[in-house]
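For reference, target_35.txt (compact mmCIF, C-alpha atoms):
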```
# COMPACT_ATOMS: atom_id res chain seq x y z
CA MET A 27 71.94 -46.82 80.18
CA ASN A 28 73.97 -44.00 81.71
CA PHE A 29 73.82 -40.37 80.59
CA THR A 30 76.26 -37.55 80.93
CA LEU A 31 74.80 -34.05 80.74
CA SER A 32 73.49 -33.73 77.21
CA ALA A 33 70.93 -31.81 75.21
CA LEU A 34 68.00 -33.35 73.40
CA VAL A 35 65.25 -31.76 71.35
CA SER A 36 61.65 -32.76 71.79
CA GLN A 37 58.16 -31.71 70.79
CA CYS A 38 58.10 -29.29 73.68
CA GLY A 39 61.58 -27.83 73.34
CA LEU A 40 65.15 -28.33 74.40
CA ILE A 41 65.57 -30.73 77.29
CA LEU A 42 68.63 -30.97 79.52
CA ILE A 43 69.17 -34.50 80.76
CA ALA A 44 71.27 -35.12 83.84
CA GLY A 45 72.31 -38.76 84.53
CA ALA A 46 35.27 -33.27 89.07
CA ILE A 47 34.77 -34.35 85.57
CA GLY A 48 32.90 -37.64 84.92
CA HIS A 49 34.40 -40.80 83.40
CA PRO A 50 33.78 -41.02 79.64
CA SER A 51 34.88 -44.16 77.82
CA PRO A 52 38.28 -44.08 76.13
CA MET A 53 38.20 -43.14 72.48
CA SER A 54 38.99 -46.74 71.59
CA ALA A 55 39.83 -49.92 73.43
CA GLN A 56 41.48 -51.29 70.30
CA GLU A 57 45.17 -51.03 69.51
CA PRO A 58 46.02 -48.25 67.02
CA ILE A 59 46.94 -49.52 63.56
CA LEU A 60 50.13 -48.43 61.82
CA ARG A 61 49.08 -46.52 58.71
CA ALA A 62 52.35 -45.22 57.28
CA THR A 63 55.98 -44.50 58.09
CA LEU A 64 57.11 -41.17 56.66
CA THR A 65 60.77 -40.94 55.68
CA GLY A 66 62.77 -38.03 54.28
CA HIS A 67 64.41 -36.26 57.20
CA SER A 68 68.14 -36.87 57.60
CA ARG A 69 68.22 -36.35 61.36
CA ALA A 70 65.87 -36.67 64.34
CA VAL A 71 62.25 -35.57 64.01
CA THR A 72 61.80 -33.15 66.89
CA SER A 73 58.31 -31.72 66.41
CA ILE A 74 55.06 -32.44 64.57
CA ALA A 75 51.76 -30.60 64.14
CA PHE A 76 48.52 -31.15 62.24
CA SER A 77 46.79 -28.39 60.30
CA SER A 78 43.35 -27.36 61.57
CA ASP A 79 41.59 -29.51 58.95
CA GLY A 80 43.90 -32.49 59.57
CA ALA A 81 44.93 -32.68 55.92
CA ILE A 82 48.55 -31.61 56.42
CA LEU A 83 51.17 -32.72 58.90
CA ALA A 84 54.25 -30.59 59.51
CA SER A 85 57.44 -32.08 60.91
CA GLY A 86 60.49 -30.25 62.17
CA SER A 87 63.90 -31.86 62.39
CA SER A 88 67.44 -31.49 63.66
CA ASP A 89 68.37 -31.41 59.96
CA LYS A 90 67.25 -27.72 60.00
CA THR A 91 64.23 -28.31 57.75
CA VAL A 92 60.46 -28.44 58.09
CA LYS A 93 58.55 -30.89 55.90
CA LEU A 94 54.87 -30.77 55.00
CA TRP A 95 53.11 -34.07 54.37
CA ALA A 96 49.72 -34.96 52.90
CA VAL A 97 48.14 -37.07 55.63
CA ALA A 98 45.91 -38.97 53.20
CA THR A 99 48.82 -40.21 51.07
CA GLY A 100 51.84 -39.92 53.36
CA LYS A 101 53.66 -38.00 50.64
CA SER A 102 55.95 -35.03 51.33
CA THR A 103 54.57 -31.95 49.56
CA LEU A 104 57.02 -29.20 50.61
CA THR A 105 60.34 -28.81 52.37
CA LEU A 106 60.88 -25.46 54.11
CA ARG A 107 64.49 -24.31 54.40
CA GLY A 108 65.91 -21.20 55.98
CA HIS A 109 66.84 -21.98 59.57
CA SER A 110 70.55 -22.28 60.34
CA ASP A 111 70.13 -24.81 63.15
CA GLY A 112 67.80 -27.60 64.22
CA ILE A 113 64.05 -27.11 64.61
CA LEU A 114 62.55 -27.07 68.09
CA ILE A 115 58.83 -26.61 67.44
CA VAL A 116 56.39 -26.37 64.53
CA VAL A 117 52.87 -25.03 65.02
CA PHE A 118 50.07 -24.12 62.61
CA GLY A 119 48.09 -20.91 62.76
CA ALA A 120 44.34 -21.13 63.27
CA THR A 121 43.49 -21.12 59.56
CA GLY A 122 46.05 -23.76 58.66
CA LYS A 123 47.51 -21.46 56.01
CA THR A 124 50.42 -20.25 58.14
CA LEU A 125 53.05 -22.28 59.96
CA ALA A 126 55.50 -21.10 62.60
CA SER A 127 58.80 -22.85 63.26
CA ALA A 128 61.16 -22.19 66.16
CA SER A 129 64.80 -23.14 65.93
CA LEU A 130 67.98 -23.50 67.93
CA ASP A 131 69.18 -20.54 65.86
CA ASN A 132 66.96 -18.51 68.25
CA THR A 133 64.56 -17.36 65.56
CA VAL A 134 60.91 -18.08 64.84
CA LYS A 135 59.97 -18.13 61.18
CA PHE A 136 56.47 -17.85 59.73
CA TRP A 137 55.71 -19.66 56.46
CA ASP A 138 52.97 -19.61 53.85
CA VAL A 139 51.92 -23.25 53.71
CA ILE A 140 50.76 -23.06 50.10
CA THR A 141 53.84 -21.41 48.58
CA GLY A 142 56.47 -22.38 51.14
CA LYS A 143 57.55 -18.72 51.35
CA ASN A 144 59.06 -17.39 54.59
CA THR A 145 56.79 -14.43 55.35
CA ALA A 146 58.34 -13.16 58.60
CA THR A 147 61.19 -13.89 61.01
CA LEU A 148 61.37 -13.02 64.71
CA ASP A 149 64.83 -12.81 66.24
CA ILE A 150 64.20 -13.79 69.86
CA GLY A 151 67.62 -12.63 71.01
CA SER A 152 68.01 -15.27 73.73
CA THR A 153 68.56 -19.01 73.88
CA LEU A 154 65.20 -20.40 72.75
CA MET A 155 63.85 -23.60 74.27
CA SER A 156 60.23 -23.81 73.11
CA VAL A 157 57.33 -21.74 71.75
CA SER A 158 53.54 -21.77 71.73
CA LEU A 159 51.17 -19.83 69.49
CA SER A 160 47.81 -18.67 70.84
CA LYS A 161 44.78 -20.12 69.07
CA ASN A 162 43.99 -16.79 67.40
CA GLY A 163 47.56 -16.59 66.13
CA LYS A 164 48.15 -13.13 67.63
CA THR A 165 50.48 -13.96 70.53
CA LEU A 166 53.64 -16.04 70.61
CA ALA A 167 55.06 -17.33 73.90
CA CYS A 168 58.75 -18.18 74.05
CA ALA A 169 60.42 -20.32 76.72
CA LEU A 170 64.01 -19.24 77.30
CA ALA A 171 67.12 -20.66 78.92
CA ASN A 172 67.50 -17.51 81.03
CA ARG A 173 64.57 -18.69 83.20
CA THR A 174 62.03 -16.35 81.58
CA VAL A 175 59.02 -16.56 79.29
CA THR A 176 58.51 -13.77 76.78
CA LEU A 177 55.28 -12.88 74.98
CA TRP A 178 55.38 -11.41 71.46
CA ASP A 179 52.81 -9.61 69.33
CA VAL A 180 52.93 -11.56 66.08
CA THR A 181 51.51 -8.72 63.97
CA THR A 182 54.00 -6.08 65.10
CA ARG A 183 56.79 -8.60 65.80
CA THR A 184 57.51 -6.93 69.11
CA LYS A 185 58.02 -8.32 72.61
CA THR A 186 55.19 -7.23 74.90
CA THR A 187 55.76 -9.03 78.21
CA THR A 188 58.50 -10.84 80.12
CA LEU A 189 57.42 -13.34 82.79
CA ILE A 190 60.09 -14.07 85.42
CA GLU A 191 59.60 -16.51 88.29
CA HIS A 192 61.15 -19.86 87.39
CA GLU A 193 64.37 -20.81 89.17
CA ASP A 194 65.92 -22.65 86.20
CA LEU A 195 65.58 -22.73 82.43
CA VAL A 196 62.06 -22.90 81.00
CA THR A 197 61.68 -25.99 78.81
CA SER A 198 58.09 -25.82 77.59
CA VAL A 199 55.16 -23.43 77.18
CA ALA A 200 51.54 -23.94 76.15
CA PHE A 201 48.52 -21.66 75.78
CA SER A 202 45.13 -22.77 77.07
CA PRO A 203 42.52 -23.10 74.30
CA ASP A 204 40.96 -19.72 75.15
CA GLY A 205 44.39 -18.02 75.19
CA LYS A 206 43.83 -16.56 78.66
CA THR A 207 46.22 -18.85 80.52
CA LEU A 208 49.78 -19.89 79.77
CA GLY A 209 51.47 -22.92 81.27
CA SER A 210 55.25 -23.18 81.55
CA GLY A 211 57.38 -26.16 82.55
CA SER A 212 60.90 -25.84 83.87
CA ALA A 213 64.08 -27.60 84.89
CA ASP A 214 63.23 -26.36 88.40
CA HIS A 215 60.73 -29.29 88.46
CA THR A 216 57.68 -27.01 88.52
CA ILE A 217 54.89 -25.87 86.22
CA LYS A 218 53.62 -22.34 86.47
CA LEU A 219 50.26 -20.99 85.31
CA TRP A 220 50.13 -17.37 84.14
CA ASP A 221 47.32 -14.93 83.46
CA VAL A 222 48.23 -13.75 79.97
CA ALA A 223 46.49 -10.37 80.23
CA SER A 224 48.22 -9.28 83.45
CA GLY A 225 51.37 -11.38 83.33
CA ARG A 226 50.61 -12.57 86.86
CA ASN A 227 51.68 -16.03 88.07
CA THR A 228 48.40 -17.55 89.30
CA ALA A 229 49.62 -20.98 90.43
CA THR A 230 52.73 -23.13 90.79
CA LEU A 231 52.27 -26.88 90.33
CA ARG A 232 54.71 -29.02 92.29
CA GLY A 233 55.09 -32.80 92.25
CA HIS A 234 57.63 -33.80 89.63
CA SER A 235 61.04 -34.84 90.92
CA ALA A 236 62.98 -33.86 87.79
CA THR A 237 62.85 -31.49 84.80
CA VAL A 238 59.37 -30.90 83.38
CA THR A 239 59.87 -31.53 79.67
CA CYS A 240 56.45 -30.81 78.20
CA VAL A 241 53.11 -29.27 79.15
CA ALA A 242 49.80 -29.51 77.26
CA PHE A 243 46.27 -28.32 78.00
CA SER A 244 43.22 -30.46 77.39
CA PRO A 245 40.91 -29.23 74.59
CA ASP A 246 38.43 -27.82 77.14
CA GLY A 247 41.22 -26.13 79.12
CA LYS A 248 40.19 -27.80 82.39
CA MET A 249 43.19 -30.10 82.64
CA LEU A 250 46.90 -29.86 82.02
CA ALA A 251 49.25 -32.77 81.34
CA SER A 252 52.96 -32.62 82.09
CA ALA A 253 55.80 -34.94 81.10
CA SER A 254 59.03 -35.22 83.01
CA ASP A 255 62.52 -36.67 83.20
CA ASP A 256 61.20 -38.52 86.28
CA HIS A 257 59.63 -41.02 83.80
CA SER A 258 56.06 -39.95 84.59
CA VAL A 259 53.15 -38.01 83.15
CA LYS A 260 51.03 -36.03 85.59
CA LEU A 261 47.48 -34.76 85.07
CA TRP A 262 46.46 -31.55 86.84
CA GLU A 263 43.13 -29.83 87.43
CA VAL A 264 43.69 -26.26 86.28
CA ALA A 265 41.05 -24.62 88.48
CA THR A 266 42.50 -26.03 91.70
CA ALA A 267 46.13 -26.56 90.62
CA LYS A 268 45.90 -30.09 92.07
CA ASN A 269 47.59 -33.21 90.71
CA ILE A 270 44.73 -35.61 90.03
CA LYS A 271 46.67 -38.52 88.48
CA THR A 272 50.23 -39.68 87.94
CA LEU A 273 50.74 -42.00 84.96
CA THR A 274 53.67 -44.38 85.34
CA GLY A 275 54.89 -47.08 82.99
CA HIS A 276 57.57 -45.52 80.83
CA THR A 277 61.02 -46.82 81.72
CA ASN A 278 62.89 -43.64 80.86
CA PHE A 279 62.56 -39.89 80.28
CA VAL A 280 59.17 -38.81 78.90
CA PHE A 281 59.57 -36.12 76.25
CA SER A 282 56.06 -35.24 75.10
CA VAL A 283 52.35 -35.42 75.90
CA ALA A 284 49.20 -34.71 73.89
CA PHE A 285 45.48 -34.94 74.63
CA SER A 286 43.04 -36.52 72.18
CA PRO A 287 40.39 -34.05 70.92
CA ASP A 288 37.73 -35.67 73.13
CA ARG A 289 40.21 -35.43 76.05
CA THR A 290 39.64 -39.06 77.08
CA VAL A 291 43.14 -40.16 76.07
CA VAL A 292 46.65 -38.83 76.59
CA ALA A 293 49.54 -39.95 74.40
CA SER A 294 53.15 -39.78 75.57
CA GLY A 295 56.47 -40.31 73.82
CA ALA A 296 59.67 -41.29 75.62
CA LEU A 297 63.34 -42.21 75.55
CA ASP A 298 62.32 -45.86 75.91
CA LYS A 299 61.38 -45.78 72.18
CA THR A 300 57.66 -46.17 72.87
CA VAL A 301 54.43 -44.23 72.56
CA LYS A 302 51.95 -44.94 75.32
CA LEU A 303 48.22 -44.18 75.35
CA TRP A 304 46.52 -43.55 78.67
CA HIS A 305 42.83 -43.46 79.63
CA VAL A 306 42.46 -40.10 81.37
CA ALA A 307 39.60 -41.09 83.70
CA THR A 308 41.28 -44.20 85.10
CA GLY A 309 44.97 -43.58 84.44
CA GLN A 310 45.17 -46.97 82.74
CA ASN A 311 47.80 -47.56 80.04
CA THR A 312 45.62 -48.80 77.17
CA ALA A 313 48.26 -49.28 74.46
CA THR A 314 52.03 -49.25 74.00
CA LEU A 315 53.33 -48.64 70.48
CA SER A 316 56.85 -49.93 69.87
CA GLU A 317 57.48 -49.46 66.14
CA HIS A 318 60.12 -46.75 66.47
CA THR A 319 63.74 -47.91 66.65
CA ASP A 320 65.01 -44.95 68.66
CA MET A 321 63.69 -42.50 71.26
CA VAL A 322 60.31 -40.89 70.56
CA TYR A 323 60.21 -37.10 70.74
CA PRO A 324 56.85 -35.60 69.60
CA VAL A 325 53.32 -37.01 69.61
CA ALA A 326 50.18 -35.34 68.22
CA PHE A 327 46.56 -36.23 67.49
CA SER A 328 44.76 -35.09 64.36
CA PRO A 329 41.86 -32.65 64.97
CA ASP A 330 39.27 -35.43 64.53
CA GLY A 331 41.19 -37.79 66.79
CA ARG A 332 41.36 -40.55 64.19
CA VAL A 333 45.11 -40.30 63.52
CA LEU A 334 48.03 -40.24 65.94
CA ALA A 335 51.45 -39.13 64.74
CA SER A 336 54.79 -39.74 66.45
CA GLY A 337 58.29 -38.57 65.55
CA SER A 338 61.59 -40.08 66.55
CA ARG A 339 65.37 -39.84 66.56
CA ASP A 340 65.14 -42.69 64.05
CA GLN A 341 64.39 -39.89 61.52
CA THR A 342 60.83 -41.05 60.82
CA VAL A 343 57.26 -39.99 61.49
CA ILE A 344 54.76 -42.77 62.04
CA LEU A 345 51.04 -42.28 61.44
CA TRP A 346 48.68 -44.49 63.41
CA ASP A 347 44.98 -45.01 62.70
CA ILE A 348 42.84 -44.87 65.84
CA PRO A 349 39.95 -47.36 65.42
CA ALA A 350 36.47 -46.02 66.06
CA PRO A 351 35.03 -47.11 69.40
CA LYS A 352 32.87 -50.20 69.20
CA ARG A 353 29.16 -49.55 69.59
CA LYS A 354 27.46 -51.51 72.34
```
The structure given in the file should be rewritten as structure tokens.
Amino acid sequence: MNFTLSALVSQCGLILIAGAIGHPSPMSAQEPILRATLTGHSRAVTSIAFSSDGAILASGSSDKTVKLWAVATGKSTLTLRGHSDGILIVVFGATGKTLASASLDNTVKFWDVITGKNTATLDIGSTLMSVSLSKNGKTLACALANRTVTLWDVTTRTKTTTLIEHEDLVTSVAFSPDGKTLGSGSADHTIKLWDVASGRNTATLRGHSATVTCVAFSPDGKMLASASDDHSVKLWEVATAKNIKTLTGHTNFVFSVAFSPDRTVVASGALDKTVKLWHVATGQNTATLSEHTDMVYPVAFSPDGRVLASGSRDQTVILWDIPAPKRK
């Protein structure tokens, strides 16, 4: 398949496509089981996120809407409308009562999950590629096409910091669990780590041979996973900034990565229409899920690790049950 220069939206933002930690057992050696296929969006599903209690799944779409789903039933409970262009990212606040959505209209909207009311709107003022919300919900990081990352105070709705060091557009940002470090991936093929308090670039991770499309920290903050247009996922040790594993097996661009809550598994979604699960300690591909009929954009684990969700250009979200590990 040949590609001209085109734009695609993924879990981690807008992507430009041009032609020593022990070895715990993986969370399950069994293949995930398809629980439900959620339909209702009229265009590609570009982002998904679970609420902190795992009861609600939010999905953002190129159809300009955000949908809330009851995970237990697979039923859509609310549709949030207000953006004038496709959704890039959806992310829940720490309490699960607030949801933020970032859009190609270059705004970030905050929503009351119970009422569906839009409670605040930030006009970013630049071409928005991706966002991340700190765990305490106080700081918003925005990845921009002008090669910068901006930090915003959510309470005052004001920009506090501009981070400038990438040599091409910034495609993805992610806060570490403690909120002290920010990771940013770029079309310049690098990942940068930033000290949030000082705005200082503390490390630059090099190794990908194409655009870095998504970055995600492990739940303990010790590792970072990156996905790339070079068809690979890389795992990095944050403390040393060293690449500790490269996961290969996808046959096309990888759009998204997510760690399981116990950090033993990484999930990845790709242009090859598959979701792959990888054992972090060994780098082994433990499962390949091929139910989607078009490219897979976002992947996300529920907070308890028992459900995996994936979204696709086929306009669906699929929920997968992760079997409990067998007791020896």
(request) Can you work out the spacing between CA of Gly108 in chain A and CA of Val139 in chain A in Å, to one decimal? (result) 14.3 Å
Report the closest atom pair, with its distance in Å rounded to one decimal, for each residue of range 127-242 of chain A that has an atom no farther than 8 Å from range 248-254 of chain A; count all atoms listed in the file, sort by chain and then rising residue number, and write it as a tab-separated table.
```
residue	atom	partner	partner_atom	distance
A:Gly211	CA	A:Ser252	CA	7.8
A:His234	CA	A:Ser254	CA	6.9
A:Ala236	CA	A:Ser254	CA	6.3
A:Thr237	CA	A:Ser254	CA	5.6
A:Val238	CA	A:Ser254	CA	4.3
A:Thr239	CA	A:Ser254	CA	5.0
A:Cys240	CA	A:Ala253	CA	5.1
A:Val241	CA	A:Ser252	CA	4.5
A:Ala242	CA	A:Ala251	CA	5.3
```
(message) For a quick check of understanding, using only C-alpha atoms, which of A:Asn144, A:Ser73, A:Ser68, A:Thr274 has the smallest distance to Gly309 in chain A?
(response)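 Closest to Gly309 in chain A of all the choices is A:Thr274.
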(request) Give me, please, the distance in Å between CA of Trp220 in chain A and CA of Leu154 in chain A, quoted to one decimal. (result)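 Distance between the two atoms: 19.1 Å.
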Please determine the residues with any atom at most 10 Å from (63.8, -20.9, 75.8) (coordinates as given in the file, with all atoms listed in the file counting) and report them as a short mmCIF file (atom, residue, chain, number, x, y, z; two decimals) with C-alpha atoms, keeping the file's coordinate frame.
```
data_model
loop_
_atom_site.label_atom_id
_atom_site.label_comp_id
_atom_site.auth_asym_id
_atom_site.auth_seq_id
_atom_site.Cartn_x
_atom_site.Cartn_y
_atom_site.Cartn_z
CA GLY A 39 61.58 -27.83 73.34
CA LEU A 40 65.15 -28.33 74.40
CA LEU A 114 62.55 -27.07 68.09
CA LEU A 130 67.98 -23.50 67.93
CA ASN A 132 66.96 -18.51 68.25
CA ILE A 150 64.20 -13.79 69.86
CA SER A 152 68.01 -15.27 73.73
CA THR A 153 68.56 -19.01 73.88
CA LEU A 154 65.20 -20.40 72.75
CA MET A 155 63.85 -23.60 74.27
CA SER A 156 60.23 -23.81 73.11
CA VAL A 157 57.33 -21.74 71.75
CA ALA A 167 55.06 -17.33 73.90
CA CYS A 168 58.75 -18.18 74.05
CA ALA A 169 60.42 -20.32 76.72
CA LEU A 170 64.01 -19.24 77.30
CA ALA A 171 67.12 -20.66 78.92
CA ASN A 172 67.50 -17.51 81.03
CA ARG A 173 64.57 -18.69 83.20
CA THR A 174 62.03 -16.35 81.58
CA VAL A 175 59.02 -16.56 79.29
CA THR A 176 58.51 -13.77 76.78
CA LEU A 195 65.58 -22.73 82.43
CA VAL A 196 62.06 -22.90 81.00
CA THR A 197 61.68 -25.99 78.81
CA SER A 198 58.09 -25.82 77.59
CA VAL A 199 55.16 -23.43 77.18
CA SER A 212 60.90 -25.84 83.87
#
```
(request) Go through A:Ala213, A:Leu273, A:Leu60, A:Ala313 one by one, measure the shortest atom-to-atom distance of each to Asp347 in chain A using all atoms listed in the file, and give the residue with the smallest value. (result)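 Closest to Asp347 in chain A of all the choices is A:Leu60.
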(request) Would you list the residues near (57.4, -44.9, 69.9), meaning any protein, DNA or RNA residue with an atom at most 6 Å from that point in file coordinates, counting all atoms listed in the file, as a ChimeraX atom specification? (result) /A:299-301,315-318,322
(message) List as a VMD selection string the protein and nucleic acid residues near Asp298 in chain A, meaning an atom at most 7 Å away when only C-alpha atoms are counted, but skip any in the same chain fewer than 2 places from it.
(response) chain A and resid 276 to 278 296 300 321
Atoms to include: C-alpha atoms. Write the selected residues as an mmCIF file, keeping the file's coordinate frame.
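Saved result, out-v9.cif, follows:
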```
data_model
loop_
_atom_site.group_PDB
_atom_site.id
_atom_site.type_symbol
_atom_site.label_atom_id
_atom_site.label_comp_id
_atom_site.auth_asym_id
_atom_site.auth_seq_id
_atom_site.Cartn_x
_atom_site.Cartn_y
_atom_site.Cartn_z
ATOM 1 C CA HIS A 276 57.570 -45.520 80.830
ATOM 2 C CA THR A 277 61.020 -46.820 81.720
ATOM 3 C CA ASN A 278 62.890 -43.640 80.860
ATOM 4 C CA ALA A 296 59.670 -41.290 75.620
ATOM 5 C CA THR A 300 57.660 -46.170 72.870
ATOM 6 C CA MET A 321 63.690 -42.500 71.260
#
```
(request) Have a look at A:Thr314, A:Ser102, A:Ser338, A:Thr319 and name the one nearest to Ser87 in chain A; count only C-alpha atoms. (result)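 Closest to Ser87 in chain A, using only C-alpha atoms: A:Ser338.
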(request) Identify which of the residues A:Ala267, A:Leu64, A:Val117, A:Leu345 lies closest to Thr216 in chain A, counting only C-alpha atoms when measuring atom-to-atom distances. (result)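 Of A:Ala267, A:Leu64, A:Val117, A:Leu345, the one nearest Thr216 in chain A, counting only C-alpha atoms, is A:Ala267.
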(request) Please measure the separation of CA of Ser158 in chain A and CA of Pro203 in chain A, giving the value in Å to one decimal. (result)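 Between CA of Ser158 in chain A and CA of Pro203 in chain A the gap works out to 11.4 Å.
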(message) Given all atoms listed in the file as the basis, pick out the residue of A:Thr141, A:Thr72, A:Ser210, A:Thr63 nearest to Pro324 in chain A.
(response) A:Thr72
(message) I need the residue nearest Ala229 in chain A from this list: A:Ile217, A:Ala128, A:Ala81, A:Ala120. Use all atoms listed in the file for the distance.
(response)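 Ranked by minimum distance to Ala229 in chain A, first place goes to A:Ile217.
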(message) Excluding Gly247 in chain A and its own-chain neighbours fewer than 6 positions away, which residues fall within 8 Å of it when counting all atoms listed in the file? Please give them as an NGL selection string.
(response) :A and (202-204 or 264)
For those residues, write C-alpha atoms to a file as a PDB file, keeping the file's coordinate frame.
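Done, and the output landed in result-v9.pdb:
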```
ATOM      1  CA  SER A 202      45.130 -22.770  77.070  1.00  0.00           C
ATOM      2  CA  PRO A 203      42.520 -23.100  74.300  1.00  0.00           C
ATOM      3  CA  ASP A 204      40.960 -19.720  75.150  1.00  0.00           C
ATOM      4  CA  VAL A 264      43.690 -26.260  86.280  1.00  0.00           C
TER       5      VAL A 264
END
```
Provide an axis-aligned box for all listed atoms of range 317-326 of chain A, padding each side by 8 Å; report its centre and its edge lengths in Å to one decimal, as lines of an AutoDock Vina configuration file.
```
center_x = 57.6
center_y = -42.4
center_z = 68.7
size_x = 30.8
size_y = 30.1
size_z = 21.1
```
(request) List the neighbours of Asn227 in chain A out to 12 Å using all atoms listed in the file; skip same-chain residues closer than 6 positions along the sequence, and give me the result as a list of chain:residue names. (result) A:Val175, A:Thr188, A:Leu189, A:Ile190, A:Glu191, A:His192, A:Thr207, A:Leu208, A:Gly209, A:Ser210, A:Ile217, A:Lys218, A:Leu219, A:Trp220, A:Asp221
